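A.B. asks: What follows is final25.cif; its format and atoms are mmCIF, C-alpha atoms.
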data_input
#
loop_
_atom_site.group_PDB
_atom_site.id
_atom_site.type_symbol
_atom_site.label_atom_id
_atom_site.label_comp_id
_atom_site.auth_asym_id
_atom_site.auth_seq_id
_atom_site.Cartn_x
_atom_site.Cartn_y
_atom_site.Cartn_z
ATOM 1 C CA MET A 1 1.202 13.351 -20.406
ATOM 2 C CA SER A 2 -1.757 15.513 -21.476
ATOM 3 C CA ASN A 3 -3.225 18.123 -19.153
ATOM 4 C CA PRO A 4 -5.631 16.065 -17.065
ATOM 5 C CA ASP A 5 -8.472 17.440 -15.003
ATOM 6 C CA ILE A 6 -7.555 16.880 -11.329
ATOM 7 C CA LYS A 7 -10.351 16.623 -8.768
ATOM 8 C CA LEU A 8 -9.754 16.330 -5.027
ATOM 9 C CA ALA A 9 -12.521 14.780 -2.921
ATOM 10 C CA LYS A 10 -14.024 17.113 -0.295
ATOM 11 C CA PHE A 11 -13.868 14.354 2.339
ATOM 12 C CA ALA A 12 -10.141 13.698 2.035
ATOM 13 C CA GLY A 13 -7.587 13.843 4.835
ATOM 14 C CA PHE A 14 -7.981 14.299 8.586
ATOM 15 C CA CYS A 15 -11.317 13.301 10.085
ATOM 16 C CA TYR A 16 -12.659 14.922 13.246
ATOM 17 C CA GLY A 17 -11.255 12.272 15.627
ATOM 18 C CA VAL A 18 -7.733 12.426 14.182
ATOM 19 C CA LYS A 19 -7.679 16.244 14.009
ATOM 20 C CA ARG A 20 -8.820 16.404 17.650
ATOM 21 C CA ALA A 21 -6.150 13.895 18.747
ATOM 22 C CA VAL A 22 -3.271 15.673 16.973
ATOM 23 C CA GLU A 23 -4.315 19.166 18.096
ATOM 24 C CA THR A 24 -4.873 18.057 21.714
ATOM 25 C CA ALA A 25 -1.482 16.290 21.916
ATOM 26 C CA ILE A 26 0.294 19.450 20.670
ATOM 27 C CA LYS A 27 -1.734 21.648 23.052
ATOM 28 C CA LEU A 28 -0.852 19.384 26.018
ATOM 29 C CA LYS A 29 2.863 19.707 25.253
ATOM 30 C CA LYS A 30 2.643 23.499 24.933
ATOM 31 C CA GLU A 31 0.778 23.754 28.242
ATOM 32 C CA ASN A 32 3.145 21.290 29.982
ATOM 33 C CA PRO A 33 6.585 21.955 28.449
ATOM 34 C CA ASP A 34 8.443 20.346 31.362
ATOM 35 C CA LYS A 35 6.305 17.202 31.571
ATOM 36 C CA ASN A 36 6.853 13.948 29.723
ATOM 37 C CA ILE A 37 4.102 13.509 27.141
ATOM 38 C CA TYR A 38 3.655 9.938 25.927
ATOM 39 C CA ILE A 39 1.308 8.475 23.325
ATOM 40 C CA LEU A 40 0.560 4.786 23.670
ATOM 41 C CA GLY A 41 0.958 3.477 20.114
ATOM 42 C CA GLU A 42 1.178 5.652 17.005
ATOM 43 C CA LEU A 43 -1.248 8.551 17.436
ATOM 44 C CA ILE A 44 -2.239 8.213 13.786
ATOM 45 C CA HIS A 45 -1.091 6.032 10.891
ATOM 46 C CA ASN A 46 1.265 8.609 9.434
ATOM 47 C CA THR A 47 5.042 8.581 9.845
ATOM 48 C CA ASP A 48 5.470 12.282 8.987
ATOM 49 C CA VAL A 49 3.052 13.344 11.719
ATOM 50 C CA ILE A 50 4.651 10.957 14.260
ATOM 51 C CA ASN A 51 8.095 12.412 13.441
ATOM 52 C CA GLU A 52 6.780 15.977 13.834
ATOM 53 C CA LEU A 53 5.342 15.096 17.258
ATOM 54 C CA GLU A 54 8.662 13.472 18.276
ATOM 55 C CA LYS A 55 10.480 16.724 17.380
ATOM 56 C CA MET A 56 8.123 18.582 19.719
ATOM 57 C CA GLY A 57 9.018 16.131 22.506
ATOM 58 C CA ILE A 58 5.848 14.043 22.285
ATOM 59 C CA LYS A 59 7.066 10.454 22.534
ATOM 60 C CA THR A 60 5.419 7.361 21.062
ATOM 61 C CA ILE A 61 5.630 4.346 23.386
ATOM 62 C CA TYR A 62 4.402 0.823 22.743
ATOM 63 C CA GLU A 63 4.227 -0.460 26.305
ATOM 64 C CA VAL A 64 3.103 1.147 29.545
ATOM 65 C CA PRO A 65 6.091 1.466 31.930
ATOM 66 C CA SER A 66 5.656 -0.022 35.401
ATOM 67 C CA LYS A 67 6.511 3.394 36.865
ATOM 68 C CA GLY A 68 6.600 6.774 35.183
ATOM 69 C CA ASN A 69 5.749 10.429 35.454
ATOM 70 C CA GLY A 70 4.021 12.760 33.061
ATOM 71 C CA ILE A 71 1.006 12.383 30.795
ATOM 72 C CA CYS A 72 0.026 9.310 28.791
ATOM 73 C CA ILE A 73 -2.382 9.765 25.893
ATOM 74 C CA ILE A 74 -4.822 7.086 24.735
ATOM 75 C CA ARG A 75 -5.069 7.559 20.973
ATOM 76 C CA SER A 76 -8.267 7.806 18.891
ATOM 77 C CA HIS A 77 -8.476 3.982 18.422
ATOM 78 C CA GLY A 78 -9.137 3.567 22.142
ATOM 79 C CA ALA A 79 -7.584 0.965 24.460
ATOM 80 C CA THR A 80 -8.582 -2.004 26.615
ATOM 81 C CA PRO A 81 -9.758 -1.428 30.224
ATOM 82 C CA GLU A 82 -6.593 -3.242 31.353
ATOM 83 C CA ILE A 83 -4.412 -0.606 29.637
ATOM 84 C CA PHE A 84 -6.302 2.206 31.406
ATOM 85 C CA GLU A 85 -5.549 0.494 34.729
ATOM 86 C CA LYS A 86 -1.870 0.017 33.873
ATOM 87 C CA ILE A 87 -1.460 3.726 33.048
ATOM 88 C CA LYS A 88 -3.053 4.787 36.343
ATOM 89 C CA ASN A 89 -1.016 2.229 38.323
ATOM 90 C CA ALA A 90 2.195 3.505 36.732
ATOM 91 C CA GLY A 91 1.495 6.917 38.246
ATOM 92 C CA LEU A 92 0.941 8.577 34.873
ATOM 93 C CA GLU A 93 -1.773 11.145 34.252
ATOM 94 C CA LEU A 94 -4.194 9.694 31.711
ATOM 95 C CA VAL A 95 -5.660 11.707 28.830
ATOM 96 C CA ASP A 96 -8.232 9.731 26.859
ATOM 97 C CA LEU A 97 -8.426 10.835 23.226
ATOM 98 C CA THR A 98 -10.526 7.883 22.063
ATOM 99 C CA CYS A 99 -12.620 9.112 19.141
ATOM 100 C CA PRO A 100 -16.242 9.728 20.267
ATOM 101 C CA ASP A 101 -17.454 7.456 17.428
ATOM 102 C CA VAL A 102 -15.204 4.639 18.685
ATOM 103 C CA LYS A 103 -16.500 5.168 22.254
ATOM 104 C CA LYS A 104 -20.041 4.717 20.905
ATOM 105 C CA VAL A 105 -19.120 1.311 19.440
ATOM 106 C CA GLN A 106 -17.593 0.252 22.775
ATOM 107 C CA GLN A 107 -20.777 1.325 24.591
ATOM 108 C CA ARG A 108 -23.032 -0.524 22.123
ATOM 109 C CA ALA A 109 -20.931 -3.706 22.432
ATOM 110 C CA VAL A 110 -21.080 -3.512 26.251
ATOM 111 C CA GLU A 111 -24.854 -2.941 26.134
ATOM 112 C CA LEU A 112 -25.316 -6.047 23.950
ATOM 113 C CA ALA A 113 -23.023 -8.166 26.141
ATOM 114 C CA ARG A 114 -24.872 -7.066 29.281
ATOM 115 C CA ASN A 115 -28.214 -7.981 27.708
ATOM 116 C CA ASP A 116 -27.092 -11.537 26.920
ATOM 117 C CA TYR A 117 -26.593 -11.115 23.182
ATOM 118 C CA PHE A 118 -23.977 -13.154 21.345
ATOM 119 C CA VAL A 119 -21.794 -10.213 20.207
ATOM 120 C CA VAL A 120 -20.363 -10.118 16.693
ATOM 121 C CA ILE A 121 -17.868 -7.347 15.961
ATOM 122 C CA VAL A 122 -17.403 -6.816 12.226
ATOM 123 C CA GLY A 123 -13.759 -5.829 11.955
ATOM 124 C CA LYS A 124 -10.122 -6.892 11.859
ATOM 125 C CA PRO A 125 -9.225 -8.877 15.026
ATOM 126 C CA ASN A 126 -5.709 -7.424 15.397
ATOM 127 C CA HIS A 127 -6.744 -3.792 14.857
ATOM 128 C CA PRO A 128 -6.313 -1.715 18.065
ATOM 129 C CA GLU A 129 -9.832 -0.262 17.822
ATOM 130 C CA VAL A 130 -11.372 -3.740 17.544
ATOM 131 C CA MET A 131 -9.211 -5.162 20.354
ATOM 132 C CA ALA A 132 -10.481 -2.386 22.650
ATOM 133 C CA ILE A 133 -14.141 -2.930 21.648
ATOM 134 C CA LYS A 134 -13.803 -6.683 22.256
ATOM 135 C CA ALA A 135 -12.055 -6.264 25.629
ATOM 136 C CA ASN A 136 -14.786 -3.899 26.846
ATOM 137 C CA ALA A 137 -17.559 -6.309 25.811
ATOM 138 C CA GLU A 138 -15.710 -9.264 27.374
ATOM 139 C CA LEU A 139 -16.002 -7.659 30.806
ATOM 140 C CA TYR A 140 -19.689 -8.694 30.634
ATOM 141 C CA SER A 141 -19.763 -11.776 28.405
ATOM 142 C CA ASP A 142 -17.594 -14.565 27.015
ATOM 143 C CA LYS A 143 -19.730 -14.695 23.857
ATOM 144 C CA VAL A 144 -17.837 -12.111 21.783
ATOM 145 C CA VAL A 145 -16.341 -12.828 18.346
ATOM 146 C CA VAL A 146 -14.670 -10.766 15.628
ATOM 147 C CA ALA A 147 -15.094 -11.416 11.898
ATOM 148 C CA THR A 148 -15.060 -9.668 8.524
ATOM 149 C CA THR A 149 -16.081 -12.695 6.456
ATOM 150 C CA ILE A 150 -18.641 -15.503 6.654
ATOM 151 C CA GLU A 151 -15.731 -17.994 6.693
ATOM 152 C CA GLU A 152 -14.429 -16.425 9.925
ATOM 153 C CA LEU A 153 -17.884 -16.612 11.468
ATOM 154 C CA ALA A 154 -18.768 -20.149 10.275
ATOM 155 C CA PRO A 155 -17.047 -21.974 13.213
ATOM 156 C CA TYR A 156 -19.492 -20.247 15.610
ATOM 157 C CA GLU A 157 -22.635 -21.166 13.638
ATOM 158 C CA ALA A 158 -23.887 -23.851 16.053
ATOM 159 C CA GLU A 159 -23.223 -21.619 19.062
ATOM 160 C CA ILE A 160 -25.037 -18.683 17.421
ATOM 161 C CA LYS A 161 -28.039 -20.911 16.595
ATOM 162 C CA SER A 162 -28.321 -22.141 20.167
ATOM 163 C CA HIS A 163 -27.838 -18.650 21.630
ATOM 164 C CA LYS A 164 -30.754 -17.269 19.546
ATOM 165 C CA LYS A 165 -30.028 -13.540 20.181
ATOM 166 C CA VAL A 166 -27.174 -11.950 18.192
ATOM 167 C CA GLY A 167 -26.013 -8.348 18.383
ATOM 168 C CA VAL A 168 -23.765 -6.757 15.748
ATOM 169 C CA VAL A 169 -21.443 -3.745 15.950
ATOM 170 C CA VAL A 170 -18.896 -2.594 13.361
ATOM 171 C CA GLN A 171 -15.356 -1.213 13.427
ATOM 172 C CA THR A 172 -15.814 2.485 12.533
ATOM 173 C CA THR A 173 -13.661 2.262 9.387
ATOM 174 C CA GLN A 174 -15.133 -0.955 7.946
ATOM 175 C CA MET A 175 -16.799 -1.362 4.562
ATOM 176 C CA VAL A 176 -20.581 -1.535 4.549
ATOM 177 C CA SER A 177 -20.321 -4.502 2.123
ATOM 178 C CA SER A 178 -18.585 -6.567 4.870
ATOM 179 C CA LEU A 179 -21.358 -5.678 7.328
ATOM 180 C CA ASN A 180 -24.068 -6.672 4.816
ATOM 181 C CA LEU A 181 -22.471 -10.070 4.117
ATOM 182 C CA ILE A 182 -22.220 -10.880 7.835
ATOM 183 C CA VAL A 183 -25.770 -9.707 8.558
ATOM 184 C CA ASN A 184 -27.223 -11.731 5.652
ATOM 185 C CA PHE A 185 -25.474 -14.826 7.018
ATOM 186 C CA LEU A 186 -26.630 -14.180 10.604
ATOM 187 C CA ASN A 187 -30.223 -13.731 9.446
ATOM 188 C CA THR A 188 -30.172 -17.325 8.181
ATOM 189 C CA VAL A 189 -28.855 -18.835 11.446
ATOM 190 C CA ALA A 190 -30.041 -16.639 14.330
ATOM 191 C CA LYS A 191 -33.563 -16.155 15.693
ATOM 192 C CA GLU A 192 -32.990 -12.473 16.479
ATOM 193 C CA VAL A 193 -30.357 -10.159 15.026
ATOM 194 C CA LEU A 194 -29.908 -6.653 16.436
ATOM 195 C CA ILE A 195 -27.622 -4.513 14.261
ATOM 196 C CA TYR A 196 -25.856 -1.310 15.173
ATOM 197 C CA ASN A 197 -24.264 0.124 12.035
ATOM 198 C CA THR A 198 -21.429 1.909 13.831
ATOM 199 C CA ILE A 199 -19.399 2.784 10.708
ATOM 200 C CA CYS A 200 -18.591 6.425 11.409
ATOM 201 C CA GLN A 201 -20.204 9.178 9.347
ATOM 202 C CA SER A 202 -16.814 10.422 8.141
ATOM 203 C CA THR A 203 -15.900 6.962 6.777
ATOM 204 C CA ALA A 204 -19.320 6.501 5.158
ATOM 205 C CA MET A 205 -19.217 9.956 3.489
ATOM 206 C CA ARG A 206 -15.601 9.471 2.373
ATOM 207 C CA GLN A 207 -16.407 6.114 0.739
ATOM 208 C CA LYS A 208 -19.619 7.380 -0.898
ATOM 209 C CA GLU A 209 -18.004 10.506 -2.344
ATOM 210 C CA ALA A 210 -14.878 8.660 -3.529
ATOM 211 C CA LYS A 211 -17.082 6.132 -5.373
ATOM 212 C CA GLU A 212 -18.887 8.940 -7.212
ATOM 213 C CA LEU A 213 -15.550 10.551 -8.096
ATOM 214 C CA ALA A 214 -14.160 7.204 -9.302
ATOM 215 C CA LYS A 215 -17.084 6.770 -11.723
ATOM 216 C CA GLU A 216 -16.050 9.931 -13.579
ATOM 217 C CA SER A 217 -12.247 9.503 -13.342
ATOM 218 C CA ASP A 218 -9.828 7.547 -15.533
ATOM 219 C CA VAL A 219 -7.582 7.051 -12.495
ATOM 220 C CA MET A 220 -8.162 7.349 -8.749
ATOM 221 C CA ILE A 221 -5.267 8.035 -6.398
ATOM 222 C CA VAL A 222 -5.732 7.093 -2.741
ATOM 223 C CA VAL A 223 -3.197 8.783 -0.456
ATOM 224 C CA GLY A 224 -2.441 7.344 2.978
ATOM 225 C CA SER A 225 -0.697 4.728 5.070
ATOM 226 C CA ARG A 226 -1.028 1.033 4.237
ATOM 227 C CA LYS A 227 -1.441 0.474 7.997
ATOM 228 C CA SER A 228 -4.593 2.605 7.959
ATOM 229 C CA ALA A 229 -7.758 0.506 7.756
ATOM 230 C CA ASN A 230 -9.943 3.244 6.305
ATOM 231 C CA THR A 231 -7.349 4.094 3.617
ATOM 232 C CA SER A 232 -6.895 0.449 2.558
ATOM 233 C CA HIS A 233 -10.664 -0.009 2.371
ATOM 234 C CA LEU A 234 -10.980 3.075 0.165
ATOM 235 C CA ALA A 235 -8.450 1.647 -2.288
ATOM 236 C CA GLU A 236 -10.215 -1.725 -2.212
ATOM 237 C CA ILE A 237 -13.651 -0.217 -2.909
ATOM 238 C CA LEU A 238 -12.498 2.068 -5.732
ATOM 239 C CA LYS A 239 -10.775 -0.720 -7.696
ATOM 240 C CA ASP A 240 -14.264 -1.897 -8.716
ATOM 241 C CA TYR A 241 -14.951 1.436 -10.421
ATOM 242 C CA THR A 242 -11.738 2.562 -12.111
ATOM 243 C CA LYS A 243 -7.956 2.138 -12.165
ATOM 244 C CA THR A 244 -6.849 2.836 -8.573
ATOM 245 C CA ILE A 245 -3.381 3.629 -7.232
ATOM 246 C CA HIS A 246 -2.713 3.541 -3.466
ATOM 247 C CA ILE A 247 0.335 5.563 -2.390
ATOM 248 C CA GLU A 248 1.594 6.682 1.017
ATOM 249 C CA ASN A 249 3.052 9.969 -0.306
ATOM 250 C CA ASP A 250 4.236 11.777 -3.462
ATOM 251 C CA THR A 251 7.574 9.910 -3.607
ATOM 252 C CA GLU A 252 5.679 6.678 -4.349
ATOM 253 C CA LEU A 253 3.769 8.157 -7.273
ATOM 254 C CA ASP A 254 5.019 7.009 -10.669
ATOM 255 C CA ILE A 255 3.913 9.725 -13.106
ATOM 256 C CA ASN A 256 4.095 7.208 -15.982
ATOM 257 C CA SER A 257 1.249 5.260 -14.404
ATOM 258 C CA LEU A 258 -1.020 8.247 -15.168
ATOM 259 C CA GLU A 259 -0.224 8.224 -18.896
ATOM 260 C CA GLY A 260 -3.328 8.704 -21.020
ATOM 261 C CA ALA A 261 -5.562 9.747 -18.099
ATOM 262 C CA ASP A 262 -7.724 12.770 -18.930
ATOM 263 C CA SER A 263 -9.332 12.879 -15.487
ATOM 264 C CA ILE A 264 -7.655 12.083 -12.170
ATOM 265 C CA GLY A 265 -9.549 11.808 -8.886
ATOM 266 C CA ILE A 266 -7.742 12.082 -5.556
ATOM 267 C CA THR A 267 -8.917 11.019 -2.129
ATOM 268 C CA ALA A 268 -7.054 10.381 1.124
ATOM 269 C CA GLY A 269 -7.416 8.457 4.356
ATOM 270 C CA ALA A 270 -8.506 9.939 7.679
ATOM 271 C CA SER A 271 -4.923 10.123 8.965
ATOM 272 C CA THR A 272 -3.374 11.781 5.893
ATOM 273 C CA PRO A 273 -2.279 15.410 6.467
ATOM 274 C CA GLN A 274 -3.237 18.069 3.910
ATOM 275 C CA SER A 275 0.466 18.808 3.255
ATOM 276 C CA ILE A 276 0.989 15.277 1.874
ATOM 277 C CA ILE A 277 -2.108 15.535 -0.345
ATOM 278 C CA ASP A 278 -0.843 18.913 -1.661
ATOM 279 C CA LYS A 279 2.542 17.425 -2.575
ATOM 280 C CA VAL A 280 0.835 14.670 -4.589
ATOM 281 C CA ILE A 281 -1.220 17.255 -6.510
ATOM 282 C CA GLU A 282 1.921 19.350 -7.147
ATOM 283 C CA LYS A 283 3.762 16.310 -8.489
ATOM 284 C CA ILE A 284 0.900 15.500 -10.894
ATOM 285 C CA LYS A 285 0.752 19.078 -12.089
ATOM 286 C CA GLY A 286 4.510 18.909 -12.578
ATOM 287 C CA GLY A 287 4.701 22.669 -12.953
ATOM 288 C CA ASN A 288 2.211 22.711 -15.840
ATOM 289 C CA ASN A 289 -1.033 24.625 -15.755
ATOM 290 C CA TYR A 290 -3.491 21.807 -15.318
ATOM 291 C CA ASP A 291 -7.069 22.451 -14.249
ATOM 292 C CA SER A 292 -7.630 21.508 -10.635
ATOM 293 C CA ASN A 293 -10.886 21.993 -8.754
#
Transcribe the structure of this file into structure tokens.

C.D. replies:
Amino acid sequence: MSNPDIKLAKFAGFCYGVKRAVETAIKLKKENPDKNIYILGELIHNTDVINELEKMGIKTIYEVPSKGNGICIIRSHGATPEIFEKIKNAGLELVDLTCPDVKKVQQRAVELARNDYFVVIVGKPNHPEVMAIKANAELYSDKVVVATTIEELAPYEAEIKSHKKVGVVVQTTQMVSSLNLIVNFLNTVAKEVLIYNTICQSTAMRQKEAKELAKESDVMIVVGSRKSANTSHLAEILKDYTKTIHIENDTELDINSLEGADSIGITAGASTPQSIIDKVIEKIKGGNNYDSN
């Protein structure tokens, strides 16, 4: 393999919401060494980080116990109002680390539901962030649907037409192309469409910068969990621009797949730690003196 030029995107790795969640969880454990610290669901989509937290005594749980003691953390994706109640009823102290950007989407969805809009959430229905947004909106309306494609929205066409007013919010890590497709469709069937583009700034910047980097790279490497929505979307977007390889960590990288590449661009999802990105770069360099900037 020749000595390729390796470029790492500036907006790669932990976003503000993830960094805040990880740092706060660690701080809580240090300040409360004798208390149980639980996180409901994986704090972030990264096994290495979850394992590190476990070693510190910060436990990942997937169900709220009926009775417990200690602190229970709501992760950056947020949770349904019902979950908040369950935590309080179990006697656990609740620490809400829902990302501020995710909170904004929940508030917008509630606002639309309260004002009698038919609410369309552009996102993946089984994603925890989307489930929480939907549950919050459903406290005020039964006209709430989730879709990422026109096909998923088509069954509600008649209902949308008769409802007249449609409000749109978006999962923070969605692709703007999905939002545009849905909005174009809604504009043909609804009398009034109110759109809140709630894709978070970090996601938007990450996608924009990675696209620019892909245009000038022979290969793009996207580092991050396959469970991470924003990471998967990055890989999906970049495939239209250049050869794209999505890996979770350096062990998955096949150096032979980079054969003949003079320029390699690297980006990473919002829940990918810097240490994992560094290991990928080291593996590519393979001990040789390649240019990296």

A.B. asks: Please list, as a PyMOL selection string, the residues that have an atom at most 12 Å away from (1.2, 2.8, -7.3) in the coordinates of this file, counting all atoms listed in the file.

C.D. replies: chain A and resi 219-224+226+235+243-258

A.B. asks: Quick one: of A:Gly265, A:Gly91, A:Gly78, A:Gly260, who's nearest to Glu212 in chain A, counting only C-alpha atoms?

C.D. replies: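 Answer, going by the shortest atom-to-atom distance: A:Gly265.
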
A.B. asks: In Å, rounded to a single decimal, give me how far CA of Val49 in chain A is from CA of Ile83 in chain A.

C.D. replies: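 Answer for the CA of Ile83 in chain A to CA of Val49 in chain A separation: 23.9 Å.
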
A.B. asks: Kindly extract all protein, DNA and RNA residues lying within 9 Å of the coordinates (-14.7, 1.2, 6.0) given in the file, considering only C-alpha atoms, and supply them as a list in words.

C.D. replies: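 Those residues lying close to the given coordinates are Gln171, Thr172, Thr173, Gln174, Met175, Val176, Ser177, Ser178, Ile199, Cys200, Thr203, Ala204, Gln207, Ala229, Asn230, Thr231, Ser232, His233 and Leu234 of chain A.
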
A.B. asks: Can you work out which one of A:Phe11, A:Asp48, A:Lys283, A:Lys35 has the shortest atom-to-atom distance to Glu209 in chain A, counting all atoms listed in the file?

C.D. replies: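 Of A:Phe11, A:Asp48, A:Lys283, A:Lys35, the one nearest Glu209 in chain A is A:Phe11, counting all atoms listed in the file.
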
A.B. asks: What would the selection look like, as a list in words, if the PyMOL selection byres ((chain A and resi 72) around 9) were run on the coordinates I just shared?

C.D. replies: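 In the shown coordinates, the PyMOL selection byres ((chain A and resi 72) around 9) covers Asn36, Ile37, Tyr38, Ile39, Leu40, Val64, Asn69, Gly70, Ile71, Ile73, Ile74, Ile87, Leu92, Glu93, Leu94, Val95 and Asp96 of chain A.
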
A.B. asks: Which residues are near Pro100 in chain A? Cut-off 8 Å, only C-alpha atoms, ignore same chain within fewer than 3 positions. Put them as a ChimeraX atom specification.

C.D. replies: /A:17,103-104

A.B. asks: If you keep C-alpha atoms, can you produce a file of those selected residues as a compact mmCIF listing (two decimals), keeping the file's coordinate frame?

C.D. replies:
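Final output, saved to out_32.txt:
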# COMPACT_ATOMS: atom_id res chain seq x y z
CA GLY A 17 -11.26 12.27 15.63
CA LYS A 103 -16.50 5.17 22.25
CA LYS A 104 -20.04 4.72 20.90
